[in-house]
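Colleague: Input query25.csv, format and content: CSV, C-alpha atoms and all ligand atoms.
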chain,number,residue,atom,x,y,z
W,1,MET,CA,5.9,-4.2,-18.6
W,2,SER,CA,6.5,-7.8,-17.8
W,3,PHE,CA,6.3,-9.3,-14.3
W,4,LYS,CA,7.7,-12.4,-12.9
W,5,ASP,CA,5.1,-14.5,-11.1
W,6,PHE,CA,4.3,-13.5,-7.6
W,7,THR,CA,2.2,-14.1,-4.6
W,8,TYR,CA,1.0,-11.1,-2.6
W,9,VAL,CA,-0.3,-11.3,1.0
W,10,SER,CA,-1.0,-8.1,2.9
W,11,GLN,CA,-0.3,-7.8,6.6
W,12,PRO,CA,-3.0,-6.5,8.9
W,13,GLY,CA,-2.4,-3.3,10.7
W,14,ARG,CA,-3.7,0.2,11.3
W,15,VAL,CA,-1.5,3.3,10.6
W,16,VAL,CA,-2.3,6.8,11.9
W,17,PHE,CA,0.1,9.3,10.4
W,18,GLY,CA,0.5,13.0,10.9
W,19,GLN,CA,2.0,15.9,12.8
W,20,GLY,CA,0.4,15.8,16.3
W,21,ALA,CA,-1.1,12.3,15.6
W,22,VAL,CA,0.0,11.1,19.0
W,23,SER,CA,-3.0,13.2,20.4
W,24,LYS,CA,-5.2,10.4,19.0
W,25,LEU,CA,-3.6,7.8,21.3
W,26,GLU,CA,-6.5,7.4,23.7
W,27,GLU,CA,-8.9,6.9,20.8
W,28,GLU,CA,-6.7,4.3,19.4
W,29,ILE,CA,-6.3,2.5,22.7
W,30,VAL,CA,-10.1,2.4,23.0
W,31,LEU,CA,-10.4,1.0,19.5
W,32,LEU,CA,-8.0,-1.8,20.5
W,33,GLY,CA,-10.4,-2.5,23.4
W,34,ALA,CA,-7.6,-2.0,25.9
W,35,LYS,CA,-8.0,-0.4,29.4
W,36,ARG,CA,-4.6,-1.2,31.0
W,37,ALA,CA,-1.7,-0.1,28.9
W,38,LEU,CA,1.9,-0.7,29.8
W,39,VAL,CA,4.2,2.0,28.3
W,40,LEU,CA,7.7,0.8,27.1
W,41,SER,CA,10.8,2.9,26.4
W,42,THR,CA,14.5,3.0,26.7
W,43,PRO,CA,15.9,4.8,29.8
W,44,ASP,CA,16.8,7.8,27.5
W,45,GLN,CA,13.2,8.2,26.4
W,46,ARG,CA,11.6,7.9,29.8
W,47,GLN,CA,10.3,11.5,29.5
W,48,GLN,CA,8.4,10.7,26.3
W,49,ALA,CA,7.0,7.6,28.0
W,50,GLU,CA,5.8,9.6,30.9
W,51,ARG,CA,4.1,12.0,28.6
W,52,ILE,CA,2.3,9.1,27.0
W,53,ALA,CA,1.3,7.7,30.4
W,54,GLN,CA,0.0,11.2,31.4
W,55,MET,CA,-2.1,11.4,28.2
W,56,LEU,CA,-3.8,8.1,29.0
W,57,GLY,CA,-4.4,8.8,32.7
W,58,PRO,CA,-6.0,5.7,34.3
W,59,ARG,CA,-5.7,3.7,31.1
W,60,ALA,CA,-1.9,3.6,31.7
W,61,VAL,CA,-0.9,1.1,34.4
W,62,GLY,CA,2.8,1.6,34.3
W,63,ILE,CA,6.0,2.4,32.5
W,64,PHE,CA,8.8,-0.1,31.8
W,65,ASP,CA,11.9,2.0,30.7
W,66,LYS,CA,14.5,-0.7,30.4
W,67,ALA,CA,14.5,-1.4,26.6
W,68,VAL,CA,18.0,-2.0,25.2
W,69,MET,CA,19.5,-2.9,21.9
W,70,HIS,CA,18.9,-6.5,20.6
W,71,VAL,CA,16.4,-7.4,23.3
W,72,PRO,CA,18.4,-9.4,25.9
W,73,ILE,CA,16.3,-12.3,27.1
W,74,GLU,CA,16.6,-11.0,30.7
W,75,SER,CA,15.0,-7.7,29.9
W,76,ALA,CA,12.2,-9.5,27.9
W,77,ARG,CA,11.5,-11.8,30.9
W,78,GLU,CA,11.4,-8.8,33.3
W,79,ALA,CA,9.1,-6.9,31.0
W,80,ARG,CA,6.8,-9.9,30.6
W,81,GLU,CA,6.6,-10.3,34.4
W,82,VAL,CA,5.8,-6.6,34.9
W,83,ALA,CA,3.1,-6.8,32.3
W,84,ARG,CA,1.6,-9.8,33.9
W,85,LYS,CA,1.7,-8.4,37.5
W,86,LEU,CA,0.1,-5.2,36.4
W,87,GLY,CA,-2.6,-7.0,34.4
W,88,ALA,CA,-1.7,-5.1,31.3
W,89,ASP,CA,-4.0,-5.7,28.3
W,90,CYS,CA,-1.8,-3.8,25.8
W,91,ALA,CA,1.8,-2.5,25.4
W,92,ILE,CA,2.7,0.9,24.0
W,93,ALA,CA,6.2,1.0,22.5
W,94,ILE,CA,7.5,4.5,22.1
W,95,GLY,CA,10.9,4.6,20.6
W,96,GLY,CA,13.1,2.9,18.0
W,97,GLY,CA,13.6,-0.7,17.0
W,98,SER,CA,14.9,-1.7,20.5
W,99,THR,CA,11.7,-0.6,22.2
W,100,THR,CA,9.4,-2.1,19.5
W,101,GLY,CA,11.5,-5.2,19.9
W,102,LEU,CA,10.8,-5.4,23.6
W,103,GLY,CA,7.1,-5.0,22.9
W,104,LYS,CA,7.3,-7.9,20.4
W,105,ALA,CA,9.0,-10.1,23.0
W,106,ILE,CA,6.1,-9.5,25.4
W,107,ALA,CA,3.5,-10.1,22.6
W,108,LEU,CA,5.3,-13.3,21.6
W,109,ASP,CA,4.8,-14.7,25.0
W,110,SER,CA,1.4,-13.3,25.9
W,111,GLY,CA,-0.4,-12.3,22.7
W,112,LEU,CA,-0.8,-8.8,24.1
W,113,PRO,CA,-1.6,-6.3,21.4
W,114,ILE,CA,1.1,-3.7,20.7
W,115,LEU,CA,0.6,-0.1,19.7
W,116,ALA,CA,3.9,1.3,18.4
W,117,ILE,CA,4.9,4.9,18.3
W,118,PRO,CA,8.2,4.9,16.3
W,119,THR,CA,10.7,7.7,16.9
W,120,THR,CA,13.4,6.4,14.6
W,121,TYR,CA,13.3,5.1,11.0
W,122,ALA,CA,14.2,1.5,11.7
W,123,GLY,CA,10.9,0.1,10.5
W,124,SER,CA,10.5,-2.8,13.0
W,125,GLU,CA,6.9,-1.7,13.7
W,126,MET,CA,5.8,-2.9,10.3
W,127,THR,CA,7.3,-6.4,10.5
W,128,PRO,CA,6.3,-9.7,12.2
W,129,VAL,CA,10.0,-10.4,12.8
W,130,TYR,CA,11.3,-10.5,16.4
W,131,GLY,CA,14.8,-10.9,17.9
W,132,LEU,CA,15.9,-12.2,21.3
W,133,THR,CA,19.5,-12.3,22.5
W,134,GLU,CA,20.5,-15.1,24.9
W,135,ALA,CA,24.1,-15.7,26.0
W,136,GLY,CA,25.4,-13.3,23.3
W,137,ILE,CA,23.6,-15.0,20.5
W,138,LYS,CA,20.7,-13.2,18.7
W,139,ARG,CA,17.9,-15.5,17.5
W,140,THR,CA,15.3,-14.1,15.2
W,141,GLY,CA,12.0,-15.5,14.2
W,142,LYS,CA,8.7,-14.6,12.6
W,143,ASP,CA,5.3,-14.7,14.3
W,144,PRO,CA,2.2,-12.7,13.3
W,145,ARG,CA,1.4,-12.2,17.0
W,146,VAL,CA,4.3,-9.7,17.3
W,147,LEU,CA,3.2,-7.4,14.5
W,148,PRO,CA,1.9,-4.2,16.1
W,149,LYS,CA,-1.9,-3.8,15.7
W,150,THR,CA,-1.7,0.0,15.5
W,151,VAL,CA,1.1,2.3,14.6
W,152,ILE,CA,1.1,6.0,15.2
W,153,TYR,CA,3.6,8.0,13.2
W,154,ASP,CA,4.0,11.5,14.5
W,155,PRO,CA,7.0,13.4,13.0
W,156,GLU,CA,7.1,15.7,15.9
W,157,LEU,CA,8.3,12.9,18.1
W,158,SER,CA,11.4,12.4,15.9
W,159,LEU,CA,12.5,16.0,16.1
W,160,SER,CA,14.6,15.1,19.1
W,161,LEU,CA,16.5,12.3,17.3
W,162,PRO,CA,20.0,13.6,16.9
W,163,VAL,CA,21.1,14.3,13.3
W,164,GLY,CA,23.7,11.6,13.1
W,165,LEU,CA,21.3,8.9,14.4
W,166,SER,CA,18.6,10.2,12.0
W,167,ILE,CA,20.9,9.8,9.0
W,168,THR,CA,22.1,6.3,9.9
W,169,SER,CA,18.5,5.2,10.9
W,170,GLY,CA,17.2,6.6,7.6
W,171,ILE,CA,19.8,4.7,5.5
W,172,ASN,CA,19.0,1.6,7.6
W,173,ALA,CA,15.4,2.0,6.3
W,174,ILE,CA,16.6,2.6,2.7
W,175,ALA,CA,18.5,-0.7,3.0
W,176,HIS,CA,15.2,-2.6,3.6
W,177,ALA,CA,13.7,-1.1,0.4
W,178,ALA,CA,16.9,-1.6,-1.7
W,179,GLU,CA,17.0,-5.3,-0.9
W,180,GLY,CA,13.3,-5.6,-1.2
W,181,LEU,CA,13.6,-4.5,-4.9
W,182,TYR,CA,15.5,-7.7,-5.7
W,183,ALA,CA,13.9,-10.0,-3.2
W,184,GLN,CA,13.3,-13.6,-4.3
W,185,ASP,CA,9.7,-13.4,-3.1
W,186,GLY,CA,9.3,-9.7,-4.3
W,187,ASN,CA,6.2,-8.4,-5.9
W,188,PRO,CA,5.3,-5.3,-7.9
W,189,VAL,CA,3.4,-3.7,-5.0
W,190,MET,CA,6.3,-3.9,-2.6
W,191,SER,CA,8.6,-2.6,-5.4
W,192,LEU,CA,6.4,0.5,-5.7
W,193,LEU,CA,6.6,1.0,-2.0
W,194,ALA,CA,10.3,0.4,-2.0
W,195,GLU,CA,11.1,3.0,-4.7
W,196,GLU,CA,8.8,5.6,-3.2
W,197,GLY,CA,10.3,4.9,0.3
W,198,ILE,CA,13.9,5.4,-0.9
W,199,ARG,CA,12.8,8.6,-2.7
W,200,ALA,CA,11.1,10.1,0.4
W,201,LEU,CA,13.9,9.2,2.7
W,202,ALA,CA,16.6,10.6,0.5
W,203,GLN,CA,14.6,13.8,0.1
W,204,GLY,CA,13.9,14.1,3.8
W,205,LEU,CA,17.5,13.3,4.9
W,206,ARG,CA,18.9,15.8,2.5
W,207,HIS,CA,16.8,18.6,4.1
W,208,LEU,CA,17.1,17.3,7.6
W,209,VAL,CA,20.9,17.4,7.6
W,210,ASP,CA,20.9,21.2,7.6
W,211,SER,CA,17.4,21.7,9.3
W,212,PRO,CA,16.9,18.9,11.8
W,213,GLN,CA,13.8,20.8,13.2
W,214,ASP,CA,12.1,21.0,9.8
W,215,ILE,CA,8.8,19.1,10.3
W,216,ALA,CA,8.3,18.6,6.5
W,217,ALA,CA,11.7,16.8,6.3
W,218,ARG,CA,10.9,14.7,9.4
W,219,SER,CA,7.5,13.8,7.8
W,220,ASP,CA,9.2,12.7,4.6
W,221,CYS,CA,11.6,10.6,6.5
W,222,LEU,CA,8.9,9.0,8.7
W,223,TYR,CA,6.7,8.4,5.6
W,224,GLY,CA,9.7,6.7,3.9
W,225,ALA,CA,10.4,4.7,7.0
W,226,TRP,CA,6.9,3.4,7.0
W,227,LEU,CA,7.1,2.3,3.4
W,228,CYS,CA,10.6,0.7,3.8
W,229,GLY,CA,9.5,-1.0,7.0
W,230,THR,CA,6.5,-2.4,5.1
W,231,VAL,CA,8.8,-3.8,2.5
W,232,LEU,CA,11.0,-5.4,5.2
W,233,GLY,CA,7.9,-7.0,6.7
W,234,ASN,CA,6.6,-8.5,3.4
W,235,VAL,CA,9.6,-9.8,1.4
W,236,GLY,CA,12.8,-11.6,2.2
W,237,MET,CA,16.2,-9.9,2.5
W,238,ALA,CA,19.6,-11.1,1.2
W,239,LEU,CA,23.3,-10.4,1.3
W,240,HIS,CA,23.2,-6.9,2.8
W,241,HIS,CA,21.0,-7.8,5.8
W,242,LYS,CA,22.9,-11.1,6.4
W,243,LEU,CA,26.3,-9.3,6.4
W,244,CYS,CA,25.0,-6.6,8.8
W,245,HIS,CA,23.6,-9.3,11.1
W,246,THR,CA,27.0,-11.0,11.1
W,247,LEU,CA,28.9,-7.8,11.8
W,248,GLY,CA,26.5,-6.6,14.5
W,249,GLY,CA,26.2,-10.0,16.2
W,250,SER,CA,29.8,-11.3,16.0
W,251,PHE,CA,31.8,-8.0,16.2
W,252,ASN,CA,29.4,-5.9,18.2
W,253,LEU,CA,29.1,-3.1,15.6
W,254,PRO,CA,26.3,-0.6,16.0
W,255,HIS,CA,23.1,-1.6,14.0
W,256,ALA,CA,22.2,1.5,11.9
W,257,PRO,CA,25.8,2.8,11.2
W,258,THR,CA,26.8,-0.7,10.0
W,259,HIS,CA,23.9,-0.8,7.6
W,260,THR,CA,25.0,2.7,6.4
W,261,VAL,CA,28.6,1.6,5.7
W,262,VAL,CA,27.8,-1.8,4.1
W,263,LEU,CA,24.8,-0.8,1.9
W,264,PRO,CA,26.6,0.8,-1.1
W,265,HIS,CA,29.0,-2.2,-1.3
W,266,ALA,CA,26.3,-4.9,-1.0
W,267,ILE,CA,24.1,-3.2,-3.7
W,268,ALA,CA,27.2,-2.8,-5.9
W,269,TYR,CA,27.9,-6.6,-5.4
W,270,ASN,CA,24.4,-7.5,-6.6
W,271,ALA,CA,23.9,-4.8,-9.2
W,272,LEU,CA,25.0,-6.8,-12.3
W,273,ALA,CA,22.6,-9.7,-11.3
W,274,THR,CA,19.8,-7.2,-10.6
W,275,PRO,CA,19.9,-4.5,-13.2
W,276,GLU,CA,16.2,-3.5,-12.8
W,277,ALA,CA,16.5,-3.1,-9.0
W,278,ALA,CA,19.8,-1.1,-9.4
W,279,LYS,CA,18.1,1.2,-12.0
W,280,ARG,CA,15.1,1.8,-9.6
W,281,ILE,CA,17.4,2.5,-6.6
W,282,ALA,CA,19.4,5.1,-8.6
W,283,ARG,CA,16.2,6.7,-10.0
W,284,ALA,CA,14.8,6.9,-6.5
W,285,LEU,CA,17.9,8.7,-5.3
W,286,GLY,CA,17.6,11.2,-8.2
W,287,CYS,CA,20.5,9.7,-10.0
W,288,GLU,CA,18.8,8.0,-12.9
W,289,GLY,CA,21.2,6.1,-15.2
W,290,GLU,CA,24.0,6.1,-12.6
W,291,ASN,CA,25.5,3.2,-10.7
W,292,ALA,CA,23.2,2.4,-7.7
W,293,GLY,CA,26.1,1.5,-5.3
W,294,GLN,CA,27.9,4.7,-6.1
W,295,ALA,CA,24.7,6.8,-5.8
W,296,LEU,CA,24.1,5.3,-2.3
W,297,TYR,CA,27.8,6.0,-1.4
W,298,ASP,CA,27.5,9.6,-2.6
W,299,LEU,CA,24.3,10.1,-0.6
W,300,ALA,CA,25.9,8.8,2.6
W,301,ALA,CA,29.0,10.9,2.0
W,302,SER,CA,27.0,14.1,1.3
W,303,LEU,CA,25.1,13.6,4.5
W,304,GLY,CA,28.3,13.2,6.5
W,305,ALA,CA,27.4,9.6,7.5
W,306,PRO,CA,30.1,7.1,8.5
W,307,LEU,CA,31.7,5.4,5.4
W,308,THR,CA,34.1,2.9,7.0
W,309,LEU,CA,33.8,-0.1,9.2
W,310,GLN,CA,37.1,1.0,10.7
W,311,GLU,CA,35.5,4.1,12.3
W,312,LEU,CA,32.7,1.8,13.7
W,313,GLY,CA,35.3,-0.2,15.7
W,314,MET,CA,35.9,-3.1,13.3
W,315,LYS,CA,39.5,-4.5,13.3
W,316,GLU,CA,41.1,-5.2,10.0
W,317,SER,CA,42.4,-8.5,11.4
W,318,ASP,CA,38.7,-9.6,11.9
W,319,LEU,CA,37.8,-9.3,8.2
W,320,GLU,CA,38.9,-12.8,7.4
W,321,ARG,CA,36.7,-14.2,10.2
W,322,ALA,CA,33.8,-12.1,9.2
W,323,THR,CA,34.1,-13.5,5.6
W,324,GLU,CA,34.1,-17.1,7.0
W,325,ILE,CA,31.0,-16.4,9.1
W,326,ALA,CA,29.2,-14.7,6.2
W,327,LEU,CA,29.9,-17.8,4.1
W,328,ALA,CA,29.1,-20.4,6.8
W,329,ASN,CA,25.2,-20.3,6.6
W,330,PRO,CA,24.1,-20.3,3.0
W,331,TYR,CA,21.1,-18.1,2.1
W,332,TRP,CA,19.5,-16.9,-1.1
W,333,ASN,CA,21.1,-14.0,-2.9
W,334,PRO,CA,20.6,-12.8,-6.5
W,335,ARG,CA,24.3,-13.2,-7.1
W,336,PRO,CA,26.1,-16.3,-5.8
W,337,ILE,CA,28.1,-15.7,-2.6
W,338,GLU,CA,31.7,-15.9,-3.8
W,339,ARG,CA,34.4,-16.0,-1.2
W,340,GLY,CA,37.0,-13.7,-2.8
W,341,ALA,CA,34.4,-11.1,-3.8
W,342,ILE,CA,32.9,-11.1,-0.3
W,343,ARG,CA,36.3,-10.6,1.2
W,344,GLU,CA,36.9,-7.7,-1.2
W,345,LEU,CA,33.5,-6.2,-0.4
W,346,LEU,CA,34.4,-6.3,3.4
W,347,GLN,CA,37.8,-4.7,2.7
W,348,ASN,CA,36.2,-1.9,0.7
W,349,ALA,CA,33.6,-1.3,3.4
W,350,PHE,CA,36.4,-1.4,6.0
W,351,GLU,CA,38.4,1.3,4.1
W,352,GLY,CA,35.4,3.2,2.8
W,353,ASN,CA,36.2,3.0,-0.9
W,354,ARG,CA,33.6,4.2,-3.3
W,355,PRO,CA,32.2,1.1,-5.1
W,356,GLU,CA,33.6,0.5,-8.6
W,401,LIG,P1,17.2,2.1,19.0
W,401,LIG,O1,15.8,1.8,19.2
W,401,LIG,O2,18.2,1.2,19.8
W,401,LIG,O3,17.5,3.6,19.4
W,401,LIG,C1,18.8,4.2,19.5
W,401,LIG,C2,18.9,5.2,20.6
W,401,LIG,O4,18.1,6.4,20.2
W,401,LIG,C3,18.2,4.8,21.9
W,401,LIG,O5,19.0,5.3,23.0
W,401,LIG,C4,16.9,5.5,21.9
W,401,LIG,O6,16.3,5.8,23.2
W,401,LIG,C5,17.2,6.8,21.2
W,401,LIG,N1,16.1,7.4,20.5
W,401,LIG,C6,15.2,6.9,19.7
W,401,LIG,N2,14.3,7.8,19.2
W,401,LIG,C7,14.7,9.0,19.7
W,401,LIG,C8,14.2,10.3,19.6
W,401,LIG,N3,13.2,10.6,18.8
W,401,LIG,N4,14.9,11.3,20.3
W,401,LIG,C9,16.0,11.0,21.1
W,401,LIG,N5,16.5,9.7,21.2
W,401,LIG,C10,15.8,8.8,20.6
W,401,LIG,O7,17.7,2.1,17.5
W,401,LIG,P2,17.0,1.6,16.2
W,401,LIG,O8,18.1,1.8,15.1
W,401,LIG,O9,15.7,2.3,16.0
W,401,LIG,O10,16.7,0.1,16.4
W,401,LIG,C11,17.7,-0.9,16.3
W,401,LIG,C12,17.3,-2.2,16.8
W,401,LIG,O11,16.1,-2.5,16.1
W,401,LIG,C13,18.2,-3.3,16.5
W,401,LIG,O12,18.3,-4.2,17.6
W,401,LIG,C14,17.6,-4.0,15.3
W,401,LIG,O13,18.0,-5.4,15.1
W,401,LIG,C15,16.2,-3.8,15.5
W,401,LIG,N6,15.3,-3.8,14.3
W,401,LIG,C16,14.4,-4.8,14.2
W,401,LIG,C17,13.6,-4.9,13.0
W,401,LIG,C18,12.6,-6.0,12.9
W,401,LIG,O14,11.9,-6.1,11.9
W,401,LIG,N7,12.5,-6.8,13.9
W,401,LIG,C19,13.8,-3.9,12.0
W,401,LIG,C20,14.7,-2.9,12.2
W,401,LIG,C21,15.5,-2.9,13.4
How does this structure look as C-alpha cells?
Ligand code: NAD

Modeller:
Amino acid sequence: MSFKDFTYVSQPGRVVFGQGAVSKLEEEIVLLGAKRALVLSTPDQRQQAERIAQMLGPRAVGIFDKAVMHVPIESAREAREVARKLGADCAIAIGGGSTTGLGKAIALDSGLPILAIPTTYAGSEMTPVYGLTEAGIKRTGKDPRVLPKTVIYDPELSLSLPVGLSITSGINAIAHAAEGLYAQDGNPVMSLLAEEGIRALAQGLRHLVDSPQDIAARSDCLYGAWLCGTVLGNVGMALHHKLCHTLGGSFNLPHAPTHTVVLPHAIAYNALATPEAAKRIARALGCEGENAGQALYDLAASLGAPLTLQELGMKESDLERATEIALANPYWNPRPIERGAIRELLQNAFEGNRPE
C-alpha cells in the first residue's frame, strides 16, 4: 500500500461508552475535579436533564434548558451568565449538536470543562469546532478549549430519538466520514475510522429502521457516530459540508435532513477525482465495486429518508442563488468547483434524482 505524506495529531479526550454508561457520570465529574455542574439541554430534553441533575445531587447547581439550533448569540450570552452566577465549574451537555454547541459557547468564553452526553449522531462532541449565530449569520471557528474533556456515550439515551431523526442524524455522521476519506489533510488513521464509522452506522440504521428500540442497533449507530465525529474533528471537510452550510444558513433548511439529501450528489460529484475514497465508501456500505454516490442514495431510499431538497422547503427559484453563494467563497475540494456542474448537482438534489 502507498500513502501520501501526512501529519497526524491526536485530540485529547476521554470516552466512556456502553449501555448504562451514564451511571458513571458522578465518577467522571469527580475525575474532572468539578463540584458545581450546570446541566444543559433543549426544552424538549428537560426531563433527561433533570435525571442527570438528580443523579449528581449537590454536584449539580442548575439546569439551563434553552439550547436551540445553531447557537444564537443571545442564548449563548444567557447561558454564560447563568453559569457565572451559579459559580459553575463544569457544563454537562445532554442532547444533540445544538446542546453540545451551547456548551462550547460557554467554554469558549470561560474555559469551563464540558462533559458531553450525546443523544443524536451529529458528532459535535468530538470536534474543537464551534458555531455562533448573530443577526442571522452563523460564524464558525476552531478552538481547543471547546472540545469536551469527557464524552459519555450511552445508547439507552438515544432510544427516544425518533426514527426519522435517527436516520438523518446517522447520515449526517456518515457525511463527516465520507468527506474525511478524501480530505486534503487526511491520514490513514482517520481513513480507517471513517470506513469503520460508515460501516457501523449503515448496519445500525438498517436495523434501527424496523426496530428503533433495539439496543444493539443503537450501539452500532452511536459507535459509528463517535468514529465519524472523530474524523470531522481531525481533518478538513469540502464541497458537501460547504454546500450544506450554504443551504442551511441562507435558506433555513434543516441541518441533518439537508446533509442526507445532498450527500449522494456531492460524493458523486467528487468520485472521479477520488476513486480510492469512493471505493472505500461503497465497500463500507456493503456495496463493493459499486458507485459510491448511488450506494449512498440507495441507503437513504431504503431507510425512507428524505431524498429531495424540495420536500425540505427549498424553492426551485432559489437554486440559482444557492449556486452563486456556493461559488462565492472559494475552498479546497478534490475536484474543481465548476459552476455548471454545481448548478446541476443542486437541481438533482432538488428533484431527488439518483446520481448518474
Ligand atoms: P439537535 O441537537 O438540534 O436536536 C434535534 C432535536 O432532537 C432537538 O429538539 C433535541 O432536543 C431532540 N433530541 C435529541 N436527542 C434526542 C433524544 N435522544 N430523544 C428525543 N429527542 C432528542 O440536532 P443535531 O442534528 O444533533 O445537531 C444539529 C446542530 O449541531 C447544528 O446546529 C449543527 O450545525 C451542529 N453540529 C455541529 C458540529 C460541530 O462540530 N461543531 C457537528 C455536527 C453538528

Colleague: Produce a table with one row for each residue of chain W that has an atom at most 6 Å from any atom of ligand LIG 401 (chain W), each row naming the nearest atom pair and its distance in Å at one decimal; use all atoms listed in the file; arrange rows by chain and rising residue number; format as a tab-separated table.

Modeller:
residue	atom	partner	partner_atom	distance
W:Thr42	CA	W:LIG401	O6	4.8
W:Asp44	CA	W:LIG401	O6	4.8
W:Gln45	CA	W:LIG401	O6	5.1
W:Met69	CA	W:LIG401	O12	4.6
W:His70	CA	W:LIG401	O12	3.8
W:Gly95	CA	W:LIG401	N2	4.9
W:Gly96	CA	W:LIG401	O1	3.2
W:Gly97	CA	W:LIG401	O11	3.2
W:Ser98	CA	W:LIG401	O1	3.8
W:Thr99	CA	W:LIG401	O1	5.6
W:Thr119	CA	W:LIG401	N2	4.3
W:Thr120	CA	W:LIG401	N2	4.9
W:Ala122	CA	W:LIG401	C20	4.5
W:Gly123	CA	W:LIG401	C20	5.1
W:Ser124	CA	W:LIG401	C19	3.6
W:Thr127	CA	W:LIG401	O14	4.8
W:Val129	CA	W:LIG401	N7	4.5
W:Tyr130	CA	W:LIG401	N7	4.6
W:Leu157	CA	W:LIG401	N3	5.5
W:Ser158	CA	W:LIG401	N3	3.9
W:Ser160	CA	W:LIG401	N4	4.0
W:Leu161	CA	W:LIG401	N4	3.5
W:Ser169	CA	W:LIG401	O8	5.4
W:His255	CA	W:LIG401	C13	5.8
W:Ala256	CA	W:LIG401	O8	5.2

Colleague: Would you tabulate, counting only C-alpha atoms, all residues of stretch 84-140 of chain W that have an atom at most 6 Å from an atom of stretch 27-40 of chain W, showing the closest pair of atoms and their distance in Å to one decimal, sorted by chain then ascending number, as a tab-separated table?

Modeller:
residue	atom	partner	partner_atom	distance
W:Ala88	CA	W:Arg36	CA	4.9
W:Asp89	CA	W:Arg36	CA	5.3
W:Cys90	CA	W:Ala37	CA	4.8
W:Ala91	CA	W:Leu38	CA	4.8
W:Ile92	CA	W:Val39	CA	4.7
W:Ala93	CA	W:Leu40	CA	4.8

Colleague: Show which residues sit within 6 Å of W:Val146, as an mmCIF file with C-alpha atoms, in the frame of the given file. Count all atoms listed in the file, and ignore same-chain residues fewer than 6 positions away.

Modeller:
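selection.cif, written as the output of this step:
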data_model
loop_
_atom_site.group_PDB
_atom_site.id
_atom_site.type_symbol
_atom_site.label_atom_id
_atom_site.label_comp_id
_atom_site.auth_asym_id
_atom_site.auth_seq_id
_atom_site.Cartn_x
_atom_site.Cartn_y
_atom_site.Cartn_z
ATOM 1 C CA LYS W 104 7.300 -7.900 20.400
ATOM 2 C CA ALA W 107 3.500 -10.100 22.600
ATOM 3 C CA LEU W 108 5.300 -13.300 21.600
ATOM 4 C CA PRO W 128 6.300 -9.700 12.200
#

Colleague: If you count all atoms listed in the file, which residues fall within 12 Å of W:Thr7, apart from same-chain ones fewer than 3 positions away, as a short mmCIF file (atom, residue, chain, number, x, y, z; two decimals) with C-alpha atoms, in the frame of the given file?

Modeller:
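Dumped to out_15.cif:
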data_model
loop_
_atom_site.label_atom_id
_atom_site.label_comp_id
_atom_site.auth_asym_id
_atom_site.auth_seq_id
_atom_site.Cartn_x
_atom_site.Cartn_y
_atom_site.Cartn_z
CA PHE W 3 6.30 -9.30 -14.30
CA LYS W 4 7.70 -12.40 -12.90
CA SER W 10 -1.00 -8.10 2.90
CA GLN W 184 13.30 -13.60 -4.30
CA ASP W 185 9.70 -13.40 -3.10
CA GLY W 186 9.30 -9.70 -4.30
CA ASN W 187 6.20 -8.40 -5.90
CA PRO W 188 5.30 -5.30 -7.90
CA VAL W 189 3.40 -3.70 -5.00
CA MET W 190 6.30 -3.90 -2.60
CA ASN W 234 6.60 -8.50 3.40
CA VAL W 235 9.60 -9.80 1.40
#

Colleague: To one decimal place, how far is atom CA of W:Pro306 from atom CA of W:Ala277 in Å?

Modeller: 24.4 Å

Colleague: Find the spatial neighbours of stretch 209-223 of chain W, counting all atoms listed in the file, within a cut-off of 7 Å - ignore same-chain residues fewer than 2 positions away - and output them as a PyMOL selection string.

Modeller: chain W and resi 121+155-156+158-159+163+170+200-201+204-207+225-227+303

Colleague: If we count all atoms listed in the file, what is near stretch 269-276 of chain W at a cut-off of 7 Å, once residues fewer than 3 positions away on the same chain are taken out, given as a list in words?

Modeller: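 Near stretch 269-276 of chain W, the qualifying residues are Tyr182, His265, Ala266, Lys279, Arg280, Pro334 and Arg335 of chain W.
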
Colleague: Excluding stretch 282-285 of chain W and its own-chain neighbours fewer than 6 positions away, which residues fall within 8 Å of it when counting all atoms listed in the file? Please give them as a list in words.

Modeller: Glu195, Glu196, Ile198, Arg199, Ala202, Asn291, Ala292, Ala295 and Leu296 of chain W

Colleague: I need the residue nearest W:Leu309 from this list: W:Val22, W:Leu232, W:Leu345, W:Val82. Use all atoms listed in the file for the distance.

Modeller: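 The closest residue to W:Leu309 is W:Leu345.
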
Colleague: Compare W:Val61, W:Ala341, W:Val9, W:Ile114 by their minimum atom-to-atom distance to W:Leu327, counting all atoms listed in the file, and give me the closest one.

Modeller: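 Looking only at the distances to W:Leu327, the closest residue turns out to be W:Ala341.
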
Colleague: State, in Å with one decimal place, the distance from atom CA of W:Ile94 to atom CA of W:Leu112.

Modeller: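 Value for the atom CA of W:Ile94-atom CA of W:Leu112 distance: 15.8 Å.
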
Colleague: Quote the spacing between atom CA of W:Ala175 and atom CA of W:Ile337 in Å to one decimal place.

Modeller: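 Atom CA of W:Ile337 lies at a distance of 18.7 Å from atom CA of W:Ala175.
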
Colleague: Between W:Met314, W:Ala238, W:Leu319, W:Leu253, single out the one closest to W:Pro336, counting only C-alpha atoms.

Modeller: W:Ala238

Colleague: Select all residues near (13.7, -14.3, 13.3) (cut-off 8 Å, inclusive, file coordinates), counting only C-alpha atoms, and output them as a list of chain:residue names.

Modeller: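 Result, sorted by chain then residue number: W:Val129, W:Tyr130, W:Gly131, W:Arg139, W:Thr140, W:Gly141, W:Lys142.
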
Colleague: Let me make sure I understand: among W:Thr258, W:Ser191, W:Thr308, W:Gln203, which one has the smallest atom-to-atom distance to W:Thr246 if we use only C-alpha atoms?

Modeller: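 Of W:Thr258, W:Ser191, W:Thr308, W:Gln203, the one nearest W:Thr246 is W:Thr258, counting only C-alpha atoms.
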
Colleague: Would you mind telling me which residue in W:Ser75, W:Thr260, W:Ser23, W:Thr133 lies nearest to W:Gln54 when using only C-alpha atoms?

Modeller: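 Of all the options, W:Ser23 lies closest to W:Gln54.
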
Colleague: Would you please work out which residue, of W:Met237, W:Leu346, W:Ala76, W:Ala194, is nearest to W:Trp332 when using all atoms listed in the file?

Modeller: W:Met237
